[in-house]
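**Student:** Please see the structure below; I have some questions.
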Amino acid sequence: MGCALALGMGAASIASFPTMAAGDNELRLGVGADYSRGKYGSGTETTMLSVPFTARYETERWTYKATLPWLEVTGPSNFVPGFGHVDNSGKPKKRNFAGTTTESGIGDTTLSATYNAWYDDDLERGIDLTGRVKLPSADAAKGLGTGSTDFSAQIDAYRTFDRLTLFADVGYYWFGHSDYVELKNAINYGIGASQKMNDRDSLGASLDGRQKASVGGAPQRELTFFWNRRMDRDTRLQAYVLLGLANGSPDVGLGVSAARSF
């Protein structure tokens, strides 16, 4: 739900709202492009390009999603996507070089399952429960990931008033072992709103954050403005602009994505 840490945490979708009602089985395939840059509280700028490929399947009260991004990162040796600058001096494996370098390759794979635990048709409000696992498919030696298997759980609540939908979420991350980064479990949170402008377009904004999740890292906090368009019954477009409000987030980010249902 919302745009939670779309760039800082490598999320592959822009605005992923709950279905709010059971419907027919649906497979949706998508691709996007996300770009970010920032100094993450240091004097060195880092840029990152992500091209995420997504598959989403909805059936009754369940939604399943898989994401695999391709990444290109230009930054210093202590930058890790999703965490910003970290302190890896105490770890057995390090990336040691002066200045910045550019690395590219596939990122970590994320799998999730969301259950629509409750929905009130009359008041148009509901609660979703989501579990996620991040698999270390990225090359940690190139700085494209942590090399750890991570888990998270999240609860989303939302309510619609005519054309306006308000939403909020809170979750928790359990990070696994990494030979490159000392990771710390962390709480994430978000609030936002989306306004349906007409039958095809909606505009919205969200404020999302996460506690400091690594030694030498920093908390994340991001303000995102997004636009969704339903081109036809099966095709959707999304775009967003992101402003970082904390050292763990990029200074600015933007992205677009397209998805088609089958």
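How things are named: the first chain in the structure tokens is A, the next is B, and so on; residues count from 1 in each chain; ligands count from 1 in the order shown.
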Which parts of segment 39-234 of chain A does DSSP call strand (DSSP E or B) when run on the backbone here, written out as number ranges by chain?
**Tutor:** A: 46-59, 62-75, 79-80, 84-85, 101-106, 109-120, 125-135, 150-161, 164-174, 183, 186-196, 201-210, 214, 220-230
**Student:** Could you produce a table of the residues of segment 82-130 of chain A lying within 12 Å of segment 190-213 of chain A, with the nearest pair of atoms per residue and their separation in Å rounded to one decimal, using only C-alpha atoms, ordered by chain and increasing residue number, as a Markdown table?
**Tutor:**
| residue | atom | partner | partner_atom | distance |
| --- | --- | --- | --- | --- |
| A:Gly82 | CA | A:Ala213 | CA | 9.5 |
| A:Phe83 | CA | A:Ala213 | CA | 7.1 |
| A:Gly84 | CA | A:Ala213 | CA | 10.0 |
| A:His85 | CA | A:Ala213 | CA | 11.0 |
| A:Val86 | CA | A:Ala213 | CA | 9.5 |
| A:Asp87 | CA | A:Ala213 | CA | 11.5 |
**Student:** Using only C-alpha atoms for the distances, tell me which of A:Arg61, A:Arg28, A:Arg221, A:Lys93 is nearest to Ala140 of chain A.
**Tutor:**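 Using only C-alpha atoms, the shortest distance to Ala140 of chain A belongs to A:Lys93.
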**Student:** Calculated over only C-alpha atoms, which of the candidates A:Ala153, A:Val31, A:Val80, A:Leu135 has the smallest distance to Pro250 of chain A?
**Tutor:**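 When distances to Pro250 of chain A are compared using only C-alpha atoms, the smallest one comes from A:Val80.
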**Student:** For a test of reading the model, state the distance in Å between atom CA of Val215 of chain A and atom CA of Gly131 of chain A, rounded to one decimal.
**Tutor:** 24.9 Å
**Student:** Find the residue from A:Ala55, A:His177, A:Arg37, A:Pro76 that sits nearest to Ser249 of chain A; use only C-alpha atoms when measuring.
**Tutor:**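 Under the stated criterion, the closest residue is A:Arg37.
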